[in-house]
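Undergrad: My file is coords.txt. It has compact mmCIF, C-alpha atoms and all ligand atoms:
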# COMPACT_ATOMS: atom_id res chain seq x y z
CA MET I 267 13.83 235.13 229.30
CA LYS I 268 15.49 234.01 226.04
CA VAL I 269 19.11 233.02 226.61
CA LEU I 270 21.61 231.85 224.01
CA VAL I 271 23.46 228.88 225.48
CA THR I 272 26.67 228.01 223.63
CA GLY I 273 27.82 224.44 224.26
CA GLY I 274 24.34 223.74 225.60
CA LEU I 275 24.41 220.04 224.75
CA GLY I 276 27.61 219.46 226.75
CA TYR I 277 27.84 218.20 230.31
CA ILE I 278 27.24 221.40 232.28
CA GLY I 279 25.24 223.11 229.52
CA SER I 280 22.65 220.33 229.29
CA HIS I 281 21.97 220.31 233.03
CA THR I 282 21.72 224.09 233.01
CA CYS I 283 19.23 224.01 230.11
CA VAL I 284 17.00 221.59 232.06
CA GLN I 285 17.01 223.87 235.08
CA MET I 286 16.33 226.90 232.88
CA LEU I 287 13.37 225.21 231.20
CA ASN I 288 12.02 224.14 234.59
CA ALA I 289 12.25 227.77 235.68
CA GLY I 290 10.33 229.00 232.62
CA MET I 291 13.35 230.41 230.80
CA GLU I 292 13.94 229.79 227.11
CA PRO I 293 17.41 228.48 226.27
CA ILE I 294 18.42 228.69 222.61
CA ILE I 295 21.18 226.18 222.16
CA VAL I 296 24.18 226.44 219.85
CA ASP I 297 26.59 223.49 219.75
CA ASN I 298 28.85 222.09 217.04
CA LEU I 299 28.60 218.59 218.62
CA CYS I 300 32.40 218.22 218.76
CA ASN I 301 32.02 216.85 222.28
CA ALA I 302 28.31 216.12 222.61
CA LYS I 303 25.68 213.87 221.14
CA ILE I 304 22.40 214.99 219.64
CA ALA I 305 20.65 212.42 221.88
CA VAL I 306 21.14 214.93 224.71
CA LEU I 307 18.42 217.07 223.15
CA ASP I 308 15.96 214.16 223.46
CA ARG I 309 16.92 213.71 227.11
CA ILE I 310 16.36 217.40 227.82
CA GLU I 311 12.95 217.12 226.17
CA ALA I 312 12.08 213.95 228.09
CA LEU I 313 12.85 215.67 231.39
CA THR I 314 11.07 218.95 230.69
CA ASN I 315 8.46 218.17 228.00
CA ILE I 316 9.97 221.00 226.00
CA ARG I 317 12.29 220.63 223.04
CA PRO I 318 14.50 223.70 223.09
CA GLN I 319 15.47 225.44 219.90
CA PHE I 320 18.79 223.97 218.75
CA TYR I 321 21.23 225.20 216.12
CA GLN I 322 24.14 222.99 215.13
CA GLY I 323 27.07 225.24 214.32
CA ASP I 324 30.39 226.63 215.43
CA ILE I 325 30.79 229.74 217.56
CA ARG I 326 33.73 230.75 215.39
CA ASP I 327 31.32 231.14 212.46
CA GLU I 328 30.19 234.75 212.82
CA THR I 329 27.64 234.60 209.99
CA PHE I 330 26.03 231.62 211.66
CA LEU I 331 25.88 233.44 215.01
CA ASP I 332 24.53 236.63 213.41
CA ASP I 333 21.77 234.54 211.89
CA VAL I 334 20.85 232.92 215.23
CA PHE I 335 20.80 236.31 216.99
CA SER I 336 18.62 237.75 214.22
CA LYS I 337 15.99 235.02 214.71
CA HIS I 338 15.43 235.47 218.45
CA ALA I 339 15.08 238.36 220.90
CA ILE I 340 17.97 237.10 223.02
CA GLN I 341 18.60 238.90 226.32
CA SER I 342 21.67 237.08 227.64
CA VAL I 343 24.30 234.55 226.67
CA ILE I 344 25.72 231.71 228.75
CA HIS I 345 28.96 230.72 227.11
CA PHE I 346 29.89 227.10 227.84
CA ALA I 347 31.31 226.16 224.42
CA GLY I 348 34.97 225.29 224.53
CA LEU I 349 37.51 222.50 224.60
CA LYS I 350 38.45 221.37 228.09
CA ALA I 351 40.98 218.52 228.16
CA VAL I 352 44.17 219.69 229.84
CA GLY I 353 46.46 217.03 228.31
CA GLU I 354 45.04 217.53 224.82
CA SER I 355 45.58 221.28 225.17
CA VAL I 356 49.31 220.67 225.67
CA ALA I 357 49.41 218.59 222.48
CA LYS I 358 47.15 220.95 220.47
CA PRO I 359 47.63 224.49 221.82
CA LEU I 360 46.69 226.23 218.57
CA GLU I 361 43.40 224.36 218.38
CA TYR I 362 42.65 225.27 222.01
CA TYR I 363 43.44 228.96 221.59
CA ASP I 364 41.47 229.07 218.37
CA ASN I 365 38.40 227.38 219.80
CA ASN I 366 38.39 228.91 223.26
CA VAL I 367 39.87 232.36 222.75
CA ASN I 368 39.01 233.13 219.15
CA GLY I 369 35.58 231.50 219.61
CA SER I 370 34.85 233.81 222.54
CA LEU I 371 35.96 236.89 220.56
CA VAL I 372 33.73 236.01 217.63
CA LEU I 373 30.84 235.44 220.03
CA ALA I 374 31.41 238.81 221.75
CA ARG I 375 31.49 240.52 218.34
CA ALA I 376 28.24 238.86 217.26
CA MET I 377 26.67 239.93 220.57
CA ARG I 378 27.79 243.51 219.99
CA THR I 379 26.33 243.44 216.48
CA ALA I 380 23.04 242.11 217.86
CA GLY I 381 23.00 244.54 220.80
CA VAL I 382 23.00 241.71 223.38
CA LYS I 383 24.98 243.03 226.34
CA SER I 384 24.95 240.26 228.91
CA ILE I 385 27.26 237.26 229.08
CA ILE I 386 28.13 234.61 231.65
CA PHE I 387 31.43 232.98 230.78
CA SER I 388 32.41 229.46 231.96
CA SER I 389 35.76 230.08 233.57
CA SER I 390 37.61 227.77 235.90
CA ALA I 391 39.46 227.56 239.19
CA THR I 392 42.45 226.73 237.00
CA VAL I 393 42.95 230.49 236.48
CA TYR I 394 44.17 230.65 240.10
CA GLY I 395 47.02 228.19 239.41
CA ASP I 396 48.61 226.75 242.56
CA PRO I 397 46.99 228.93 245.24
CA GLU I 398 49.11 230.59 247.93
CA SER I 399 46.38 229.85 250.44
CA VAL I 400 42.96 228.24 250.67
CA PRO I 401 40.09 228.87 250.52
CA ILE I 402 40.50 230.72 247.25
CA THR I 403 38.65 234.02 247.06
CA GLU I 404 37.74 235.84 243.87
CA SER I 405 40.48 238.37 244.63
CA SER I 406 43.19 235.70 244.96
CA SER I 407 45.86 236.18 242.31
CA VAL I 408 45.18 234.76 238.86
CA GLY I 409 47.26 233.98 235.80
CA ALA I 410 49.83 231.45 237.01
CA THR I 411 48.28 228.82 234.79
CA THR I 412 50.17 225.65 233.95
CA ASN I 413 48.77 224.58 230.57
CA PRO I 414 47.21 226.01 227.38
CA TYR I 415 43.67 225.13 228.51
CA GLY I 416 44.09 227.15 231.70
CA ARG I 417 45.76 229.98 229.81
CA SER I 418 42.90 230.07 227.31
CA LYS I 419 40.44 230.65 230.19
CA TYR I 420 42.69 233.32 231.67
CA MET I 421 43.06 234.99 228.25
CA VAL I 422 39.30 235.08 227.66
CA GLU I 423 38.82 236.65 231.09
CA GLY I 424 41.41 239.28 230.10
CA CYS I 425 39.81 239.95 226.70
CA LEU I 426 36.32 240.26 228.20
CA THR I 427 37.61 242.50 231.00
CA ASP I 428 39.15 244.88 228.45
CA PHE I 429 36.01 244.74 226.36
CA TYR I 430 33.88 245.52 229.41
CA GLN I 431 36.07 248.58 230.19
CA SER I 432 35.20 249.89 226.73
CA GLN I 433 31.49 249.01 227.10
CA PRO I 434 30.62 249.65 230.75
CA ASP I 435 26.91 249.21 230.11
CA TRP I 436 27.49 245.47 229.60
CA SER I 437 27.00 242.78 232.21
CA VAL I 438 30.01 240.44 232.08
CA THR I 439 30.15 237.56 234.55
CA PHE I 440 32.96 235.07 235.07
CA ALA I 441 31.74 231.89 236.73
CA ARG I 442 34.86 230.13 237.99
CA TYR I 443 33.91 226.50 238.43
CA PHE I 444 35.81 224.29 240.83
CA ASN I 445 35.22 220.56 240.14
CA PRO I 446 31.75 219.89 238.70
CA VAL I 447 30.71 216.26 239.13
CA GLY I 448 27.50 214.26 239.46
CA ALA I 449 24.56 213.87 237.15
CA HIS I 450 20.87 214.63 236.87
CA PRO I 451 19.08 212.71 239.67
CA SER I 452 16.87 210.99 237.06
CA GLY I 453 19.93 209.10 235.82
CA THR I 454 19.14 210.14 232.25
CA MET I 455 21.79 212.85 231.85
CA GLY I 456 25.40 212.93 232.97
CA GLU I 457 29.02 213.25 231.98
CA ASP I 458 29.98 211.21 228.93
CA PRO I 459 33.67 211.71 228.18
CA GLN I 460 35.04 210.44 224.89
CA GLY I 461 37.98 208.04 225.24
CA ILE I 462 39.87 207.67 228.50
CA PRO I 463 38.46 210.07 231.11
CA ASN I 464 40.90 212.73 232.33
CA ASN I 465 38.92 213.56 235.44
CA LEU I 466 38.59 211.64 238.65
CA MET I 467 34.85 211.11 238.93
CA PRO I 468 34.10 209.75 235.45
CA PHE I 469 37.17 207.52 235.76
CA ILE I 470 35.95 206.04 239.06
CA ALA I 471 32.47 205.57 237.55
CA GLN I 472 33.89 203.67 234.57
CA VAL I 473 35.91 201.41 236.88
CA ALA I 474 32.81 200.73 238.98
CA VAL I 475 30.75 199.84 235.92
CA GLY I 476 33.48 197.51 234.61
CA ARG I 477 34.77 199.53 231.67
CA ARG I 478 38.22 199.97 233.27
CA ASP I 479 40.28 197.79 235.64
CA LYS I 480 41.27 200.20 238.34
CA LEU I 481 41.75 203.82 239.25
CA SER I 482 45.28 205.23 239.26
CA ILE I 483 45.58 207.59 242.21
CA PHE I 484 48.03 210.25 241.14
CA GLY I 485 50.19 210.75 244.22
CA ASP I 486 49.72 210.07 247.93
CA ASP I 487 52.49 212.34 249.16
CA TYR I 488 50.79 215.74 249.01
CA ALA I 489 50.60 217.89 252.14
CA THR I 490 46.98 216.85 252.72
CA PRO I 491 45.51 214.73 255.55
CA ASP I 492 45.71 211.44 253.61
CA GLY I 493 48.35 212.53 251.10
CA THR I 494 46.05 212.48 248.05
CA GLY I 495 44.93 215.60 246.17
CA VAL I 496 42.11 217.67 247.59
CA ARG I 497 39.53 219.44 245.42
CA ASP I 498 36.25 221.25 245.81
CA TYR I 499 33.76 218.93 244.09
CA ILE I 500 30.43 220.55 243.30
CA HIS I 501 27.28 218.84 242.04
CA VAL I 502 26.54 219.75 238.41
CA MET I 503 22.94 220.57 239.42
CA ASP I 504 24.31 223.15 241.85
CA VAL I 505 26.51 224.55 239.10
CA ALA I 506 23.43 224.73 236.86
CA ASP I 507 21.40 226.49 239.56
CA GLY I 508 24.26 228.92 240.15
CA HIS I 509 23.89 230.08 236.52
CA LEU I 510 20.18 230.75 236.94
CA VAL I 511 20.82 232.78 240.06
CA ALA I 512 23.61 234.73 238.36
CA LEU I 513 21.36 235.42 235.36
CA ASN I 514 18.61 236.74 237.61
CA ARG I 515 20.76 238.68 240.04
CA VAL I 516 23.51 240.22 237.90
CA GLY I 517 22.71 239.21 234.30
CA GLN I 518 20.96 242.50 233.61
CA LYS I 519 23.12 244.61 235.90
CA ALA I 520 25.96 246.48 234.20
CA GLY I 521 29.30 245.48 235.68
CA LEU I 522 32.11 242.96 235.76
CA HIS I 523 30.96 240.20 238.09
CA ILE I 524 33.24 237.40 239.22
CA TYR I 525 32.09 234.41 241.26
CA ASN I 526 33.54 231.11 242.39
CA LEU I 527 31.15 228.20 241.95
CA GLY I 528 32.26 225.71 244.58
CA THR I 529 31.03 224.33 247.88
CA GLY I 530 33.75 225.70 250.15
CA LYS I 531 34.73 222.19 251.17
CA GLY I 532 37.64 220.09 249.92
CA SER I 533 37.60 216.30 249.55
CA SER I 534 40.56 214.03 248.88
CA VAL I 535 40.79 211.38 246.17
CA ILE I 536 40.49 208.68 248.84
CA GLU I 537 37.42 210.36 250.31
CA MET I 538 35.76 210.53 246.88
CA LEU I 539 36.63 206.90 246.23
CA ASP I 540 35.11 205.85 249.58
CA ALA I 541 31.96 207.87 248.93
CA PHE I 542 31.65 206.27 245.49
CA SER I 543 32.09 202.76 246.93
CA GLN I 544 29.30 203.54 249.35
CA ALA I 545 27.07 204.73 246.50
CA CYS I 546 27.66 201.71 244.27
CA GLY I 547 27.81 199.19 247.09
CA LYS I 548 31.19 197.67 246.22
CA PRO I 549 34.85 198.53 246.55
CA VAL I 550 36.43 200.33 243.59
CA PRO I 551 39.90 198.93 242.81
CA TYR I 552 42.80 201.39 242.75
CA GLU I 553 46.56 201.66 242.83
CA ILE I 554 48.81 204.44 244.01
CA CYS I 555 50.81 205.96 241.16
CA PRO I 556 53.24 208.88 240.84
CA ARG I 557 51.91 212.43 240.86
CA ARG I 558 50.43 213.74 237.60
CA PRO I 559 52.61 216.53 236.19
CA GLY I 560 51.07 219.97 236.66
CA ASP I 561 48.73 218.87 239.49
CA ILE I 562 48.39 220.94 242.64
CA GLY I 563 47.94 219.53 246.14
CA ALA I 564 44.81 221.19 247.41
CA CYS I 565 42.29 223.78 246.36
CA TRP I 566 38.83 224.76 247.43
CA ALA I 567 36.68 227.82 247.03
CA SER I 568 35.65 230.60 249.30
CA THR I 569 31.90 230.81 248.74
CA GLU I 570 31.40 233.98 250.74
CA LYS I 571 31.09 236.39 247.82
CA ALA I 572 28.45 234.31 246.00
CA GLU I 573 26.55 233.85 249.25
CA LYS I 574 26.60 237.56 250.08
CA GLN I 575 26.02 239.02 246.65
CA LEU I 576 23.94 236.36 244.92
CA GLY I 577 22.34 234.81 247.98
CA TRP I 578 23.41 231.47 246.53
CA LYS I 579 25.09 228.45 248.05
CA ALA I 580 25.60 224.91 246.78
CA THR I 581 23.40 222.48 248.69
CA ARG I 582 24.12 218.97 247.41
CA SER I 583 26.45 216.65 249.37
CA VAL I 584 29.36 214.51 248.20
CA LEU I 585 27.14 211.46 248.71
CA GLU I 586 24.54 212.91 246.35
CA MET I 587 27.31 213.61 243.83
CA THR I 588 28.53 210.02 243.90
CA ALA I 589 25.04 208.47 244.08
CA ASP I 590 23.80 210.48 241.10
CA THR I 591 26.96 209.68 239.11
CA TRP I 592 26.47 205.98 239.82
CA HIS I 593 22.78 206.17 238.92
CA TRP I 594 23.68 207.72 235.55
CA GLN I 595 26.65 205.42 234.85
CA SER I 596 24.87 202.20 235.81
CA LYS I 597 21.82 203.09 233.70
CA ASN I 598 24.00 204.23 230.78
CA PRO I 599 27.19 202.12 230.97
CA GLN I 600 28.38 203.29 227.55
CA GLY I 601 27.16 206.89 227.96
CA TYR I 602 24.57 208.40 225.60
P1 LIG Z 1 31.62 219.78 227.43
O1 LIG Z 1 32.71 219.43 226.51
O2 LIG Z 1 30.74 218.66 227.91
O3 LIG Z 1 30.69 220.91 226.79
C1 LIG Z 1 31.18 221.87 225.90
C2 LIG Z 1 30.25 221.87 224.70
O4 LIG Z 1 30.70 222.87 223.79
C3 LIG Z 1 30.25 220.55 223.95
O5 LIG Z 1 28.90 220.15 223.78
C4 LIG Z 1 30.91 220.86 222.61
O6 LIG Z 1 30.36 220.09 221.57
C5 LIG Z 1 30.63 222.35 222.48
N1 LIG Z 1 31.63 223.10 221.70
C6 LIG Z 1 32.98 223.09 221.85
N2 LIG Z 1 33.53 223.94 220.97
C7 LIG Z 1 32.54 224.50 220.25
C8 LIG Z 1 32.49 225.45 219.20
N3 LIG Z 1 33.59 225.99 218.68
N4 LIG Z 1 31.27 225.83 218.73
C9 LIG Z 1 30.13 225.29 219.23
N5 LIG Z 1 30.12 224.37 220.21
C10 LIG Z 1 31.31 223.98 220.72
O7 LIG Z 1 32.26 220.54 228.69
P2 LIG Z 1 31.60 220.94 230.08
O8 LIG Z 1 32.22 220.09 231.12
O9 LIG Z 1 30.14 221.00 229.96
O10 LIG Z 1 32.20 222.40 230.26
C11 LIG Z 1 31.52 223.55 229.82
C12 LIG Z 1 32.43 224.74 229.99
O11 LIG Z 1 32.83 224.83 231.36
C13 LIG Z 1 33.71 224.65 229.18
O12 LIG Z 1 34.02 225.94 228.68
C14 LIG Z 1 34.74 224.21 230.20
O13 LIG Z 1 36.04 224.65 229.86
C15 LIG Z 1 34.24 224.91 231.44
N6 LIG Z 1 34.67 224.25 232.69
C16 LIG Z 1 34.40 222.91 232.86
C17 LIG Z 1 34.83 222.28 234.01
C18 LIG Z 1 34.57 220.80 234.22
O14 LIG Z 1 35.20 220.20 235.09
N7 LIG Z 1 33.65 220.17 233.50
C19 LIG Z 1 35.55 222.98 234.98
C20 LIG Z 1 35.80 224.34 234.77
C21 LIG Z 1 35.35 224.96 233.61
N1 LIG Z 2 43.04 212.05 239.95
C1 LIG Z 2 43.51 210.77 240.18
N2 LIG Z 2 43.33 209.83 239.20
C2 LIG Z 2 42.67 210.10 238.04
C3 LIG Z 2 42.19 211.40 237.83
C4 LIG Z 2 42.41 212.36 238.80
O1 LIG Z 2 44.10 210.48 241.22
O2 LIG Z 2 42.54 209.20 237.19
C5 LIG Z 2 43.21 213.08 241.01
C6 LIG Z 2 44.02 214.28 240.58
O3 LIG Z 2 45.40 214.06 240.79
C7 LIG Z 2 43.44 215.38 241.47
C8 LIG Z 2 41.97 214.96 241.63
O4 LIG Z 2 41.94 213.57 241.35
O5 LIG Z 2 44.05 215.34 242.75
C9 LIG Z 2 41.01 215.70 240.70
O6 LIG Z 2 41.49 215.58 239.38
P1 LIG Z 2 40.64 216.07 238.13
O7 LIG Z 2 41.45 215.81 236.90
O8 LIG Z 2 39.28 215.47 238.19
O9 LIG Z 2 40.45 217.62 238.39
P2 LIG Z 2 41.54 218.81 238.45
O10 LIG Z 2 42.90 218.22 238.62
O11 LIG Z 2 41.39 219.50 237.16
O12 LIG Z 2 41.14 219.62 239.62
Let's see the structure in the file written out as structure tokens.
TA:
Amino acid sequence: MKVLVTGGLGYIGSHTCVQMLNAGMEPIIVDNLCNAKIAVLDRIEALTNIRPQFYQGDIRDETFLDDVFSKHAIQSVIHFAGLKAVGESVAKPLEYYDNNVNGSLVLARAMRTAGVKSIIFSSSATVYGDPESVPITESSSVGATTNPYGRSKYMVEGCLTDFYQSQPDWSVTFARYFNPVGAHPSGTMGEDPQGIPNNLMPFIAQVAVGRRDKLSIFGDDYATPDGTGVRDYIHVMDVADGHLVALNRVGQKAGLHIYNLGTGKGSSVIEMLDAFSQACGKPVPYEICPRRPGDIGACWASTEKAEKQLGWKATRSVLEMTADTWHWQSKNPQGY
């Protein structure tokens, strides 16, 4: 199966491409390299013995996309490309809406032109905002987003929902990721944030490897067992596998399909820190700091719908997430 993968050299995209190649699928990668390095392509090749077709370009460039679609008999699209830093989105909302929302509209138009009617869109648990209750199901209310990044995801879901209503023979899937972490077990691919990491796991990894002094824990007064924030961390390899299952199960089935990609289990910041210390064999220094504005206390996914309808469940443990992150970070202290 030939699948156009936008943002395929990024963190989640690269792991998904490896799993696709291992499963005999043919990813065709489009990435403008705004948040990825070309070295990722070599790592994908080293792991799979296949160098996937890669086009450097921007998804907002319709002529470019038309050209890529005209060169390959593409059956589906997995749409990872987007900007994802919450804080940056507050500072640069126009850039975020342009890249994430406009980029998705241009992509959908190019797909329509090419007659490709199947898309899996990288959405996020952020569309649920601060949930009224946990676990969060796919029918929990959405839209109470707290920043432009989250709103851009919610807007794209809205645009694609309306588009699907007008084209009911399409297969449109929203994969709402919870907190993807971890790395390829080989230690050759992983998350490589530019500048100061926004997210917990890469920050802890950079402290452990000596690039930063200590972790700031944002708040220990949440209504959670140890007071620190609770999230549903999911191994990036599980996220990758979830895409393959979605492609196979609903990718060619007309409909609007919405799935949480999480584990169904929440872990606190302290629990993640302890697991990481275990993985790297040393304590990771930290200090307790005030809450981060816009943060919620706890969220984790209901995995029931994905289990029932896709027959899919995440299998990798928190210890595997931290061990694989440490393997990657210690082998690649400065990233790619
Ligand atoms: P990433 O930044 O590592 O990957 C995104 C890739 O898209 C990068 O390689 C970047 O160069 C590329 N890109 C960005 N804009 C582009 C454009 N206009 N044209 C072509 N390429 C472009 O991010 P990731 O963590 O792999 O996330 C992938 C997707 O999943 C994103 O849409 C993100 O919002 C979403 N998501 C991520 C998380 C997470 O925690 N990592 C959680 C929920 C949702
Ligand atoms: N967090 C933290 N210090 C950091 C980064 C994150 O204490 O340097 C906490 C954050 O407050 C939240 C959890 O770790 O409770 C996960 O944060 P992340 O930014 O990784 O994911 P998100 O908030 O988007 O779920």
Undergrad: Determine, counting all atoms listed in the file, which protein, DNA and RNA residues have an atom within 9 Å of an atom of segment 531-542 of chain I; residues of the same chain fewer than 6 positions away are not included. Present the result as a VMD selection string.
TA: chain I and resid 401 466 to 467 470 to 471 474 483 to 484 490 to 499 548 to 550 552 564 to 568 584 to 585 587 to 589 591 to 592
Undergrad: For C-alpha atoms, I'd like the residues from the last selection saved as an mmCIF file, in the frame of the given file.
TA:
data_model
loop_
_atom_site.group_PDB
_atom_site.id
_atom_site.type_symbol
_atom_site.label_atom_id
_atom_site.label_comp_id
_atom_site.auth_asym_id
_atom_site.auth_seq_id
_atom_site.Cartn_x
_atom_site.Cartn_y
_atom_site.Cartn_z
ATOM 1 C CA PRO I 401 40.090 228.870 250.520
ATOM 2 C CA LEU I 466 38.590 211.640 238.650
ATOM 3 C CA MET I 467 34.850 211.110 238.930
ATOM 4 C CA ILE I 470 35.950 206.040 239.060
ATOM 5 C CA ALA I 471 32.470 205.570 237.550
ATOM 6 C CA ALA I 474 32.810 200.730 238.980
ATOM 7 C CA ILE I 483 45.580 207.590 242.210
ATOM 8 C CA PHE I 484 48.030 210.250 241.140
ATOM 9 C CA THR I 490 46.980 216.850 252.720
ATOM 10 C CA PRO I 491 45.510 214.730 255.550
ATOM 11 C CA ASP I 492 45.710 211.440 253.610
ATOM 12 C CA GLY I 493 48.350 212.530 251.100
ATOM 13 C CA THR I 494 46.050 212.480 248.050
ATOM 14 C CA GLY I 495 44.930 215.600 246.170
ATOM 15 C CA VAL I 496 42.110 217.670 247.590
ATOM 16 C CA ARG I 497 39.530 219.440 245.420
ATOM 17 C CA ASP I 498 36.250 221.250 245.810
ATOM 18 C CA TYR I 499 33.760 218.930 244.090
ATOM 19 C CA LYS I 548 31.190 197.670 246.220
ATOM 20 C CA PRO I 549 34.850 198.530 246.550
ATOM 21 C CA VAL I 550 36.430 200.330 243.590
ATOM 22 C CA TYR I 552 42.800 201.390 242.750
ATOM 23 C CA ALA I 564 44.810 221.190 247.410
ATOM 24 C CA CYS I 565 42.290 223.780 246.360
ATOM 25 C CA TRP I 566 38.830 224.760 247.430
ATOM 26 C CA ALA I 567 36.680 227.820 247.030
ATOM 27 C CA SER I 568 35.650 230.600 249.300
ATOM 28 C CA VAL I 584 29.360 214.510 248.200
ATOM 29 C CA LEU I 585 27.140 211.460 248.710
ATOM 30 C CA MET I 587 27.310 213.610 243.830
ATOM 31 C CA THR I 588 28.530 210.020 243.900
ATOM 32 C CA ALA I 589 25.040 208.470 244.080
ATOM 33 C CA THR I 591 26.960 209.680 239.110
ATOM 34 C CA TRP I 592 26.470 205.980 239.820
#
Undergrad: In Å to one decimal, how far is atom CA of Ala312 of chain I from atom CA of Gly547 of chain I?
TA: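 Separation between atom CA of Gly547 of chain I and atom CA of Ala312 of chain I: 28.7 Å.
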Undergrad: Residues contacting ligand LIG 1 (chain Z) - anything with an atom at most 8 Å away, using all atoms listed in the file - can you give me those as a PyMOL selection string?
TA: chain I and resi 272-280+296-303+322-326+345-350+365-366+369+387-392+415+419+442-447+457-459+465
Undergrad: May I ask which of the residues I:Gly485, I:Gly424, I:Pro551, I:Pro359 is the closest one to ligand LIG 2 (chain Z), counting all atoms listed in the file?
TA: I:Gly485
Undergrad: Find the spatial neighbours of Phe440 of chain I, counting only C-alpha atoms, within a cut-off of 12 Å - ignore same-chain residues fewer than 2 positions away - and output them as a PDB file with C-alpha atoms, in the frame of the given file.
TA:
ATOM      1  CA  ILE I 344      25.720 231.710 228.750  1.00  0.00           C
ATOM      2  CA  HIS I 345      28.960 230.720 227.110  1.00  0.00           C
ATOM      3  CA  PHE I 346      29.890 227.100 227.840  1.00  0.00           C
ATOM      4  CA  SER I 384      24.950 240.260 228.910  1.00  0.00           C
ATOM      5  CA  ILE I 385      27.260 237.260 229.080  1.00  0.00           C
ATOM      6  CA  ILE I 386      28.130 234.610 231.650  1.00  0.00           C
ATOM      7  CA  PHE I 387      31.430 232.980 230.780  1.00  0.00           C
ATOM      8  CA  SER I 388      32.410 229.460 231.960  1.00  0.00           C
ATOM      9  CA  SER I 389      35.760 230.080 233.570  1.00  0.00           C
ATOM     10  CA  SER I 390      37.610 227.770 235.900  1.00  0.00           C
ATOM     11  CA  ALA I 391      39.460 227.560 239.190  1.00  0.00           C
ATOM     12  CA  VAL I 393      42.950 230.490 236.480  1.00  0.00           C
ATOM     13  CA  GLU I 404      37.740 235.840 243.870  1.00  0.00           C
ATOM     14  CA  LYS I 419      40.440 230.650 230.190  1.00  0.00           C
ATOM     15  CA  TYR I 420      42.690 233.320 231.670  1.00  0.00           C
ATOM     16  CA  VAL I 422      39.300 235.080 227.660  1.00  0.00           C
ATOM     17  CA  GLU I 423      38.820 236.650 231.090  1.00  0.00           C
ATOM     18  CA  GLY I 424      41.410 239.280 230.100  1.00  0.00           C
ATOM     19  CA  CYS I 425      39.810 239.950 226.700  1.00  0.00           C
ATOM     20  CA  LEU I 426      36.320 240.260 228.200  1.00  0.00           C
ATOM     21  CA  THR I 427      37.610 242.500 231.000  1.00  0.00           C
ATOM     22  CA  TYR I 430      33.880 245.520 229.410  1.00  0.00           C
ATOM     23  CA  SER I 437      27.000 242.780 232.210  1.00  0.00           C
ATOM     24  CA  VAL I 438      30.010 240.440 232.080  1.00  0.00           C
ATOM     25  CA  ARG I 442      34.860 230.130 237.990  1.00  0.00           C
ATOM     26  CA  TYR I 443      33.910 226.500 238.430  1.00  0.00           C
ATOM     27  CA  GLY I 508      24.260 228.920 240.150  1.00  0.00           C
ATOM     28  CA  HIS I 509      23.890 230.080 236.520  1.00  0.00           C
ATOM     29  CA  ALA I 512      23.610 234.730 238.360  1.00  0.00           C
ATOM     30  CA  LEU I 513      21.360 235.420 235.360  1.00  0.00           C
ATOM     31  CA  VAL I 516      23.510 240.220 237.900  1.00  0.00           C
ATOM     32  CA  GLY I 517      22.710 239.210 234.300  1.00  0.00           C
ATOM     33  CA  GLY I 521      29.300 245.480 235.680  1.00  0.00           C
ATOM     34  CA  LEU I 522      32.110 242.960 235.760  1.00  0.00           C
ATOM     35  CA  HIS I 523      30.960 240.200 238.090  1.00  0.00           C
ATOM     36  CA  ILE I 524      33.240 237.400 239.220  1.00  0.00           C
ATOM     37  CA  TYR I 525      32.090 234.410 241.260  1.00  0.00           C
ATOM     38  CA  ASN I 526      33.540 231.110 242.390  1.00  0.00           C
ATOM     39  CA  LEU I 527      31.150 228.200 241.950  1.00  0.00           C
ATOM     40  CA  ALA I 572      28.450 234.310 246.000  1.00  0.00           C
TER      41      ALA I 572
END
Undergrad: I'd like to know which of I:Ser418, I:Thr454, I:Gln600, I:Thr379 is closest to Asp364 of chain I, using only C-alpha atoms.
TA: I:Ser418
